[in-house]
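Pasted below: structure.txt, compact mmCIF, C-alpha atoms.
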```txt
# COMPACT_ATOMS: atom_id res chain seq x y z
CA MET A 1 6.90 5.08 -7.35
CA ALA A 2 10.25 5.21 -5.56
CA ASP A 3 10.50 4.42 -1.87
CA GLU A 4 11.56 7.97 -1.08
CA GLU A 5 8.42 9.33 -2.78
CA LEU A 6 6.27 6.89 -0.87
CA MET A 7 7.82 8.04 2.39
CA LEU A 8 6.73 11.61 1.62
CA LEU A 9 3.17 10.32 1.39
CA VAL A 10 3.57 8.26 4.56
CA ARG A 11 4.62 11.44 6.35
CA ARG A 12 1.25 12.83 5.33
CA ALA A 13 -0.44 9.80 6.91
CA ASP A 14 -1.34 8.01 3.68
CA PRO A 15 -2.10 4.37 4.58
CA ARG A 16 -1.93 3.21 0.95
CA ALA A 17 1.60 4.50 0.60
CA PHE A 18 2.48 2.80 3.87
CA ALA A 19 1.01 -0.47 2.60
CA LEU A 20 3.29 -0.29 -0.44
CA VAL A 21 6.32 0.33 1.73
CA TYR A 22 5.30 -2.61 3.90
CA ASP A 23 4.81 -4.92 0.93
CA ARG A 24 8.22 -4.03 -0.48
CA HIS A 25 10.20 -4.52 2.70
CA CYS A 26 8.26 -6.87 4.96
CA GLY A 27 10.10 -9.94 3.65
CA ALA A 28 13.53 -8.53 4.42
CA ALA A 29 12.27 -7.26 7.77
CA TYR A 30 10.68 -10.55 8.77
CA GLY A 31 13.70 -12.54 7.58
CA LEU A 32 16.02 -10.42 9.72
CA ALA A 33 13.71 -10.51 12.73
CA TYR A 34 13.37 -14.29 12.52
CA ARG A 35 17.09 -14.76 12.06
CA MET A 36 17.64 -12.75 15.23
CA VAL A 37 14.91 -13.94 17.59
CA GLY A 38 14.33 -17.47 16.25
CA SER A 39 10.62 -17.44 17.04
CA ARG A 40 7.87 -16.72 14.57
CA GLY A 41 5.61 -15.08 17.15
CA LEU A 42 8.36 -12.86 18.47
CA ALA A 43 9.51 -12.04 14.94
CA GLU A 44 5.99 -10.91 14.09
CA ASP A 45 5.92 -8.70 17.19
CA VAL A 46 9.26 -7.17 16.20
CA VAL A 47 8.13 -6.50 12.62
CA GLN A 48 4.85 -5.01 13.81
CA GLU A 49 6.65 -2.71 16.26
CA ALA A 50 9.15 -1.70 13.59
CA PHE A 51 6.62 -0.84 10.89
CA LEU A 52 4.40 1.05 13.31
CA ALA A 53 7.50 2.99 14.38
CA LEU A 54 8.10 3.76 10.70
CA TRP A 55 4.48 4.88 10.29
CA ARG A 56 4.57 7.12 13.34
CA GLY A 57 8.09 8.41 12.79
CA ALA A 58 8.19 8.79 9.00
CA SER A 59 9.22 12.42 9.38
CA ARG A 60 12.52 11.22 10.84
CA TYR A 61 13.48 9.37 7.67
CA ASP A 62 16.34 11.11 5.91
CA GLY A 63 16.98 9.82 2.41
CA ALA A 64 20.46 11.31 2.43
CA ARG A 65 21.48 8.87 5.16
CA GLY A 66 20.45 5.68 3.40
CA SER A 67 17.75 3.74 1.63
CA VAL A 68 14.31 3.08 3.05
CA ARG A 69 15.13 -0.62 3.29
CA SER A 70 18.29 0.13 5.23
CA TRP A 71 16.28 2.34 7.59
CA VAL A 72 13.59 -0.28 8.06
CA LEU A 73 16.14 -2.98 8.75
CA GLY A 74 17.88 -0.72 11.24
CA ILE A 75 14.63 -0.30 13.14
CA VAL A 76 13.99 -4.05 13.01
CA HIS A 77 17.48 -4.72 14.32
CA ASN A 78 17.04 -2.35 17.25
CA ARG A 79 13.62 -3.74 18.12
CA ALA A 80 14.87 -7.31 17.86
CA ILE A 81 17.75 -6.57 20.22
CA ASP A 82 15.29 -5.01 22.64
CA ALA A 83 13.13 -8.12 22.39
CA LEU A 84 16.07 -10.46 22.88
CA ARG A 85 17.32 -8.65 25.93
CA ARG A 86 13.78 -8.44 27.29
CA THR A 87 12.92 -12.08 26.85
CA LEU A 88 16.34 -13.69 27.36
CA VAL A 89 15.85 -16.27 24.66
CA HIS A 90 19.46 -16.49 23.58
CA GLU A 91 19.55 -20.25 23.83
CA LYS A 92 16.41 -20.76 21.75
CA ARG A 93 17.40 -18.91 18.65
CA ARG A 94 20.24 -18.60 16.17
CA ALA A 95 18.26 -20.17 13.35
CA SER A 96 20.35 -20.21 10.20
CA ASP A 97 18.85 -19.03 6.93
CA GLU A 98 18.65 -22.63 5.77
CA GLY A 99 17.05 -23.67 9.05
CA LEU A 100 14.51 -20.92 8.62
CA ASP A 101 13.46 -22.27 5.23
CA ARG A 102 12.81 -25.60 6.89
CA THR A 103 11.04 -24.03 9.86
CA VAL A 104 8.40 -22.20 7.86
CA PRO A 105 5.39 -24.50 7.43
CA ALA A 106 4.77 -25.97 3.99
CA GLU A 107 1.77 -23.82 3.22
CA GLU A 108 3.81 -20.72 3.88
CA ARG A 109 6.99 -21.90 2.25
CA THR A 110 5.73 -20.62 -1.08
CA GLU A 111 5.95 -17.15 0.40
CA VAL A 112 9.66 -17.45 1.03
CA GLU A 113 11.10 -14.97 -1.39
CA ALA A 114 13.41 -16.60 -3.87
CA VAL A 115 15.09 -13.35 -4.72
CA ARG A 116 18.73 -13.30 -3.67
CA ASN A 117 19.94 -10.24 -5.40
CA ASP A 118 23.49 -9.39 -6.26
CA ASP A 119 23.98 -7.19 -3.21
CA ALA A 120 22.96 -10.01 -0.87
CA ARG A 121 25.36 -12.37 -2.59
CA PHE A 122 28.15 -9.84 -2.35
CA VAL A 123 27.50 -9.25 1.34
CA ARG A 124 27.56 -12.99 2.00
CA ALA A 125 30.71 -13.38 -0.03
CA ALA A 126 32.34 -10.50 1.82
CA MET A 127 31.40 -12.03 5.16
CA ASP A 128 32.90 -15.32 4.04
CA THR A 129 36.26 -13.62 3.63
CA LEU A 130 36.42 -12.75 7.33
CA PRO A 131 38.56 -14.93 9.58
CA THR A 132 36.30 -17.24 11.56
CA ASP A 133 36.99 -15.61 14.92
CA GLN A 134 36.15 -12.16 13.56
CA ARG A 135 33.01 -13.30 11.77
CA ARG A 136 31.83 -15.10 14.89
CA VAL A 137 31.97 -12.05 17.17
CA VAL A 138 30.32 -9.87 14.51
CA GLU A 139 27.47 -12.35 14.11
CA LEU A 140 27.07 -12.95 17.85
CA ALA A 141 26.74 -9.21 18.33
CA TYR A 142 24.64 -8.22 15.33
CA PHE A 143 22.38 -11.20 14.78
CA SER A 144 22.25 -12.73 18.25
CA GLY A 145 22.12 -9.52 20.24
CA TYR A 146 24.87 -10.36 22.71
CA THR A 147 26.75 -7.51 24.32
CA HIS A 148 30.52 -7.47 23.96
CA THR A 149 30.81 -8.47 27.62
CA GLU A 150 28.53 -11.48 27.07
CA ILE A 151 30.49 -12.49 23.99
CA ALA A 152 33.74 -12.41 25.96
CA GLU A 153 32.15 -14.81 28.45
CA VAL A 154 30.58 -17.06 25.82
CA ILE A 155 33.74 -17.58 23.80
CA ASP A 156 36.03 -17.22 26.82
CA VAL A 157 38.39 -14.55 25.57
CA PRO A 158 39.31 -11.16 27.08
CA LEU A 159 36.95 -8.28 26.42
CA GLY A 160 39.68 -6.35 24.64
CA THR A 161 40.14 -9.22 22.22
CA VAL A 162 36.43 -9.21 21.42
CA LYS A 163 36.50 -5.48 20.72
CA GLY A 164 39.54 -5.89 18.52
CA ARG A 165 37.97 -8.71 16.51
CA MET A 166 34.79 -6.70 16.03
CA ARG A 167 36.71 -3.74 14.75
CA LEU A 168 38.98 -5.74 12.48
CA GLY A 169 36.02 -7.72 11.17
CA LEU A 170 33.98 -4.65 10.31
CA ARG A 171 36.98 -2.93 8.74
CA LYS A 172 37.67 -5.93 6.53
CA LEU A 173 33.99 -6.25 5.64
CA ARG A 174 33.88 -2.59 4.67
CA ASP A 175 36.95 -3.01 2.50
CA GLU A 176 35.48 -6.07 0.77
CA LEU A 177 32.15 -4.35 0.15
CA GLY A 178 33.93 -1.29 -1.18
CA ARG A 179 35.78 -3.51 -3.61
CA GLU A 180 32.43 -4.80 -4.88
CA GLY A 181 30.85 -1.35 -4.88
CA VAL A 182 28.03 -2.41 -2.55
CA THR A 183 26.24 0.26 -0.53
CA PRO A 184 23.29 -0.63 1.70
CA MET B 1 44.54 11.25 19.08
CA SER B 2 44.15 11.01 22.84
CA ALA B 3 44.13 7.84 24.95
CA GLU B 4 40.44 8.50 25.47
CA ASP B 5 39.91 8.55 21.70
CA ASP B 6 41.80 5.25 21.41
CA ARG B 7 39.56 3.66 24.00
CA LEU B 8 36.45 4.99 22.31
CA ARG B 9 37.61 3.79 18.91
CA ASP B 10 37.90 0.33 20.41
CA GLU B 11 34.27 0.58 21.47
CA ALA B 12 33.05 2.02 18.18
CA ALA B 13 32.64 -1.38 16.53
CA ALA B 14 30.68 -2.70 19.51
CA TRP B 15 28.46 0.36 19.36
CA VAL B 16 27.61 0.11 15.66
CA LEU B 17 26.86 -3.61 16.17
CA GLY B 18 24.51 -2.81 19.06
CA ALA B 19 26.79 -4.71 21.45
CA LEU B 20 26.97 -2.12 24.21
CA ASP B 21 24.40 -2.27 26.98
CA ASN B 22 22.16 0.77 27.40
CA THR B 23 24.35 2.44 29.99
CA GLU B 24 27.53 1.89 27.98
CA ALA B 25 25.82 3.07 24.81
CA ALA B 26 24.59 6.30 26.39
CA GLU B 27 28.07 7.02 27.74
CA PHE B 28 29.65 6.22 24.38
CA VAL B 29 27.32 8.57 22.51
CA ARG B 30 28.01 11.36 24.97
CA ARG B 31 31.77 10.99 24.58
CA MET B 32 31.65 10.35 20.84
CA GLU B 33 29.99 13.70 20.24
CA ALA B 34 33.09 15.44 21.55
CA SER B 35 35.53 13.60 19.28
CA PRO B 36 35.58 14.11 15.50
CA GLU B 37 38.05 11.22 15.18
CA VAL B 38 35.70 8.80 16.88
CA ARG B 39 32.73 10.03 14.89
CA ARG B 40 34.67 9.37 11.70
CA GLU B 41 35.54 5.87 12.90
CA VAL B 42 31.90 5.20 13.71
CA ALA B 43 30.76 6.43 10.30
CA GLU B 44 33.18 4.10 8.53
CA LEU B 45 32.34 1.04 10.62
CA GLN B 46 28.63 1.82 10.30
CA GLU B 47 28.87 1.28 6.55
CA ALA B 48 29.85 -2.34 7.18
CA ALA B 49 27.28 -2.88 9.92
CA ASP B 50 24.51 -1.49 7.70
CA ALA B 51 25.28 -4.15 5.11
CA LEU B 52 24.90 -7.08 7.51
CA PRO B 53 21.07 -7.40 7.37
CA PHE B 54 21.24 -7.57 3.58
CA SER B 55 22.89 -10.98 3.89
CA VAL B 56 19.71 -12.49 5.34
CA VAL B 57 17.26 -14.36 3.11
CA PRO B 58 13.93 -12.47 2.89
CA VAL B 59 10.96 -14.40 4.26
CA GLY B 60 7.31 -13.56 3.66
CA PRO B 61 5.52 -12.93 6.95
CA PRO B 62 2.03 -14.36 7.46
CA PRO B 63 -0.76 -12.29 5.85
CA GLU B 64 -2.40 -11.86 9.26
CA LEU B 65 0.50 -9.68 10.31
CA ARG B 66 -0.19 -7.28 7.46
CA ASP B 67 -3.86 -7.16 8.46
CA ARG B 68 -2.99 -6.37 12.07
CA ILE B 69 -0.58 -3.61 11.16
CA MET B 70 -2.90 -2.05 8.56
CA SER B 71 -5.82 -1.99 10.99
CA VAL B 72 -3.77 0.15 13.38
CA VAL B 73 -2.41 2.33 10.57
CA GLU B 74 -5.82 2.97 9.03
CA ALA B 75 -7.35 3.80 12.41
CA GLU B 76 -4.57 6.25 13.17
CA ALA B 77 -4.75 7.77 9.69
CA GLU B 78 -8.45 8.36 10.14
CA LEU B 79 -7.84 10.08 13.44
CA LEU B 80 -4.97 12.14 12.05
CA HIS B 81 -6.89 13.28 9.02
CA ALA B 82 -10.00 14.13 11.00
CA THR B 83 -8.02 16.21 13.45
CA GLY B 84 -5.80 17.72 10.78
CA ALA B 85 -8.73 19.10 8.85
CA ARG B 86 -10.19 20.56 12.00
CA ALA B 87 -6.86 22.03 12.93
CA ASP B 88 -6.86 24.10 9.77
CA ARG B 89 -9.96 25.93 10.90
CA PRO B 90 -10.38 28.40 13.76
CA TYR B 91 -10.87 26.60 17.03
CA ARG B 92 -14.41 25.90 18.15
CA PRO B 93 -15.33 24.49 21.56
CA PRO B 94 -15.68 20.71 21.43
CA THR B 95 -19.08 19.17 21.22
CA PRO B 96 -20.43 18.35 24.64
CA TRP B 97 -20.75 14.57 24.26
CA TRP B 98 -17.25 13.70 25.34
CA ARG B 99 -17.14 16.33 28.05
CA THR B 100 -19.86 14.45 29.90
CA MET B 101 -18.01 11.17 29.35
CA LEU B 102 -14.67 12.46 30.54
CA ARG B 103 -13.82 10.71 33.75
CA PRO B 104 -13.14 12.87 36.82
CA LEU B 105 -9.59 11.61 37.45
CA PRO B 106 -8.09 12.53 34.09
CA VAL B 107 -9.85 15.88 34.15
CA ALA B 108 -8.43 16.66 37.58
CA ALA B 109 -5.03 15.37 36.60
CA PHE B 110 -4.95 17.43 33.43
CA ALA B 111 -6.03 20.48 35.38
CA CYS B 112 -3.15 19.94 37.83
CA VAL B 113 -0.66 19.52 35.04
CA LEU B 114 -1.95 22.63 33.30
CA LEU B 115 -1.47 24.52 36.54
CA LEU B 116 2.05 23.16 36.89
CA ALA B 117 2.79 24.00 33.30
CA GLY B 118 1.39 27.47 33.81
CA VAL B 119 3.56 28.27 36.80
CA ALA B 120 6.69 26.72 35.39
CA ALA B 121 8.32 30.07 34.76
CA GLY B 122 11.69 29.95 33.14
CA LEU B 123 10.99 26.82 31.20
CA LEU B 124 11.08 28.81 28.01
CA ILE B 125 14.50 28.43 26.49
CA SER B 126 14.49 30.60 23.47
CA GLY B 127 16.51 29.65 20.43
CA GLY B 128 18.08 33.02 19.84
CA GLY B 129 15.11 35.20 20.64
CA SER B 130 13.52 34.99 17.22
CA GLU B 131 9.78 35.45 17.21
CA SER B 132 9.39 32.85 14.48
CA SER B 133 11.57 30.14 15.99
CA ARG B 134 11.67 29.03 19.59
CA THR B 135 12.03 25.97 21.76
CA VAL B 136 9.91 25.35 24.82
CA ALA B 137 11.02 22.83 27.43
CA ALA B 138 8.24 20.60 28.70
CA GLN B 139 7.65 19.06 32.08
CA VAL B 140 7.89 15.27 32.19
CA THR B 141 6.23 13.38 35.03
CA GLY B 142 5.60 9.77 35.98
CA ASP B 143 7.58 6.68 36.90
CA GLY B 144 10.98 6.19 35.29
CA THR B 145 11.17 9.71 33.90
CA ALA B 146 13.99 11.04 36.09
CA ASN B 147 16.27 11.31 33.08
CA ALA B 148 13.58 12.05 30.53
CA SER B 149 13.20 15.33 28.71
CA ALA B 150 10.82 16.79 26.16
CA GLN B 151 10.61 20.00 24.21
CA VAL B 152 8.43 21.65 21.64
CA GLU B 153 10.31 23.13 18.70
CA ILE B 154 8.34 25.85 16.95
CA ASP B 155 9.28 27.34 13.59
CA ALA B 156 7.44 29.85 11.43
CA ASP B 157 5.42 27.19 9.64
CA SER B 158 5.77 24.02 11.69
CA ALA B 159 6.14 22.64 15.18
CA GLN B 160 7.27 19.34 16.59
CA LEU B 161 7.58 17.61 19.92
CA VAL B 162 10.92 15.91 20.59
CA VAL B 163 11.42 13.56 23.54
CA ASP B 164 14.42 11.76 24.98
CA GLY B 165 14.85 9.19 27.73
CA MET B 166 11.16 8.25 27.79
CA GLN B 167 9.96 4.79 28.75
CA PRO B 168 8.16 2.87 25.96
CA PRO B 169 4.39 3.38 26.17
CA GLY B 170 3.93 -0.37 26.52
CA ALA B 171 2.60 -3.11 24.26
CA GLY B 172 -0.55 -2.07 22.43
CA HIS B 173 -0.15 1.55 23.51
CA VAL B 174 1.15 4.76 22.03
CA TYR B 175 1.92 8.29 23.17
CA GLN B 176 -0.83 10.69 22.08
CA VAL B 177 -0.48 14.45 21.87
CA TRP B 178 -3.25 16.80 23.04
CA TYR B 179 -3.76 20.53 22.61
CA VAL B 180 -5.38 22.91 25.04
CA HIS B 181 -6.34 25.96 23.02
CA ASP B 182 -6.31 29.54 24.20
CA GLY B 183 -9.31 30.31 26.36
CA GLN B 184 -10.08 26.62 26.86
CA THR B 185 -9.38 24.16 29.65
CA ASP B 186 -10.16 20.81 28.04
CA PRO B 187 -7.64 18.94 25.91
CA VAL B 188 -8.47 17.94 22.34
CA PRO B 189 -6.58 15.48 20.13
CA ALA B 190 -3.70 17.17 18.32
CA GLY B 191 -3.72 14.44 15.69
CA ALA B 192 -0.24 13.20 16.57
CA LEU B 193 0.76 9.81 17.91
CA PHE B 194 4.28 8.61 18.49
CA ASP B 195 6.45 5.91 19.97
CA VAL B 196 10.03 5.97 21.24
CA ASP B 197 13.03 3.93 20.22
CA SER B 198 15.20 1.79 22.48
CA SER B 199 17.00 4.85 23.81
CA GLY B 200 13.74 6.58 24.61
CA GLN B 201 13.95 9.04 21.76
CA GLY B 202 10.94 10.01 19.70
CA ALA B 203 9.38 12.89 17.83
CA ALA B 204 5.99 13.94 16.54
CA ALA B 205 5.07 16.69 14.12
CA LEU B 206 2.37 18.91 15.64
CA PRO B 207 -0.39 19.29 13.03
CA GLY B 208 -2.00 22.60 12.22
CA GLY B 209 0.57 24.75 13.99
CA VAL B 210 0.39 25.86 17.61
CA ASP B 211 -0.42 29.55 17.24
CA ASP B 212 -3.65 29.24 19.21
CA VAL B 213 -2.43 26.48 21.53
CA LYS B 214 -1.57 27.36 25.09
CA SER B 215 -0.51 23.89 26.23
CA VAL B 216 0.72 20.70 24.61
CA LEU B 217 0.11 17.54 26.64
CA VAL B 218 0.97 13.89 26.09
CA SER B 219 -0.65 10.82 27.59
CA VAL B 220 -0.36 7.08 27.05
CA GLU B 221 -3.30 5.78 25.06
CA PRO B 222 -4.30 2.52 23.37
CA ALA B 223 -2.82 1.98 19.89
CA GLY B 224 -4.84 4.00 17.42
CA GLY B 225 -5.34 6.82 19.89
CA SER B 226 -8.31 8.08 21.86
CA GLN B 227 -10.86 10.82 21.37
CA LYS B 228 -10.31 11.95 24.95
CA PRO B 229 -7.46 11.30 27.38
CA THR B 230 -7.84 8.12 29.40
CA THR B 231 -4.67 8.41 31.50
CA GLN B 232 -2.84 11.12 33.33
CA PRO B 233 -0.52 13.22 31.18
CA VAL B 234 3.19 12.43 31.27
CA ILE B 235 4.35 15.52 29.35
CA ALA B 236 3.12 19.09 29.56
CA ALA B 237 4.48 22.13 27.75
CA ASN B 238 3.21 25.65 28.39
CA LEU B 239 3.40 27.64 25.15
CA SER B 240 1.80 30.82 26.51
```

Would you write out, as structure tokens, the structure that this file holds?
Amino acid sequence: MADEELMLLVRRADPRAFALVYDRHCGAAYGLAYRMVGSRGLAEDVVQEAFLALWRGASRYDGARGSVRSWVLGIVHNRAIDALRRTLVHEKRRASDEGLDRTVPAEERTEVEAVRNDDARFVRAAMDTLPTDQRRVVELAYFSGYTHTEIAEVIDVPLGTVKGRMRLGLRKLRDELGREGVTP
Amino acid sequence: MSAEDDRLRDEAAAWVLGALDNTEAAEFVRRMEASPEVRREVAELQEAADALPFSVVPVGPPPELRDRIMSVVEAEAELLHATGARADRPYRPPTPWWRTMLRPLPVAAFACVLLLAGVAAGLLISGGGSESSRTVAAQVTGDGTANASAQVEIDADSAQLVVDGMQPPGAGHVYQVWYVHDGQTDPVPAGALFDVDSSGQGAAALPGGVDDVKSVLVSVEPAGGSQKPTTQPVIAANLS
């Protein structure tokens, strides 16, 4: 059953449909949450908040505006930023994907999904095409939850420069993704 | 394009990346809505921002997390289904067991809010005067609600509560919707629970329609909901 069909059942408070949605997207959600907050406990809290928000707000999902996974990851991103700004753990996080693989205990490492689909590769490749200064501000903002003002202080450049790099970086990323035909 | 649009376009990337603080973000959204150029810029940059999480390696969360989430979901589903079925039938007075258990404070508080809701003349803001479609503004009370708003949107065959600027209900808690039916004074579960996002926005479909409902109330309850209100209401809408 397609995600969009499952969401119709979730709107009718069907826990089995919700469980399927969770099983399909929990890995991507947890990976993103961990990448952002750098703490397994906090990542679990973020994922729990995000999926309960999905359960309680399923009627707000609009398939015309994107995939279920994209919607879930958007919720996770917002909740993770809230958590970061609430707990001020900037200095404790920033785990890289590779670091995350090492961080997960051995008995759980088998659960690390090996799937790195084409879209993920394309997104990584597109990000690799960005100039380093543009990629850095995009990642500091999106994955580390810094505000543009904080980024200007951290990398010691004017705020206007940060805004410009963000915009140029996203524009270039969009162009690269468009070239590959990737849509989230 | 105006100088204001230029300035907003510079902030559009920060906004789609979540890099504006809450105050800046609220101001940006308000100004963006008035500028088609800026909205177009946001839509284009959003496509790139939406792709960013797809670059992250998926990681299986611990099974205990699934268990915790499903326990809440199944409890809420049970409550929703129980109330939904009842909502399809004509209203009957609640069984007396919970009336005797209802603590005095919430009862008094709900009574006060009902009174306030009842005398809040002019709160009805009709959406064009149609009998089958209307919007009712609700009263929001409590700490940190100075900028909060809530309204009940009623169509011919559905109704929903929409809130904005609300504080989160807190860890392990949820907002729960209650009905007070015509001719009654005690609230009963509507079968709707909801949370709010980081900007305080949230919505809940109101099960069973509100034709025989005179008031819609909301209180903060433990995750999974309650059979009777355990805290003072924070939202009250008079539908009469």

>> With all atoms listed in the file considered, list every residue of chain A at most 8 Å from chain B, as a PyMOL selection string.
In response: chain A and resi 13-15+19+26-32+35+44+48+51-53+55-57+59-60+70+73-74+78-79+81-82+97+108+111-116+119-121+123-124+138+141-142+145-148+163-164+166-167+170-171+173-174+177+183-184

> Could you state the separation of atom CA of Asp3 of chain A and atom CA of Leu54 of chain A in Å, given to one decimal place?
Replying inline: 12.8 Å

>> Would you compute the distance between atom CA of Ala152 of chain A and atom CA of Leu130 of chain A? Give it in Å to one decimal.
In response: 18.8 Å

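Comparing A:Ala80, A:Val68, A:Val157, A:Met36 by their smallest distance to Ala50 of chain A, the closest is A:Ala80 (using only C-alpha atoms).
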
>> Counting only C-alpha atoms, which residues have an atom no more than 12 Å from (-1.1, 28.1, 17.6) in the file's coordinates? Please list them as a PyMOL selection string.
In response: chain B and resi 87-91+132+154-159+179-182+190+206-216+238-240

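The space separating atom CA of Arg165 of chain A from atom CA of Ala43 of chain A comes to 28.7 Å.
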
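Within 6 Å of the point (9.3, 20.5, 25.1), and counting all atoms listed in the file, the protein, DNA and RNA residues are B:Val136, B:Ala137, B:Ala138, B:Ala150, B:Gln151, B:Val152, B:Ala237.
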
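The environment of Val140 of chain B within 10 Å, counting all atoms listed in the file and disregarding residues fewer than 5 places along the same chain, consists of Val113, Thr145, Ala146, Asn147, Ala148, Ser149, Ala150, Gln151, Val163, Met166, Leu217, Val218, Pro233, Val234, Ile235, Ala236 and Ala237 of chain B.
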
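Remark: for Val46 of chain A, the closest of the candidate residues A:Val76, A:Leu20, A:Ala64, A:Ala2 is A:Val76 (distances computed over all atoms listed in the file).
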
Report, as lines of an AutoDock Vina configuration file, the centre and edge lengths in Å (one decimal) of the axis-aligned box enclosing every listed atom of segment 164-182 of chain A, padded by 4 Å on each side.
```
center_x = 33.8
center_y = -5.0
center_z = 6.8
size_x = 19.5
size_y = 15.4
size_z = 31.4
```

> Hey, which of B:Pro189, B:Val162, B:Gln232, B:Gly200 ends up closest to Gly142 of chain B? Count only C-alpha atoms.
Replying inline: B:Gln232
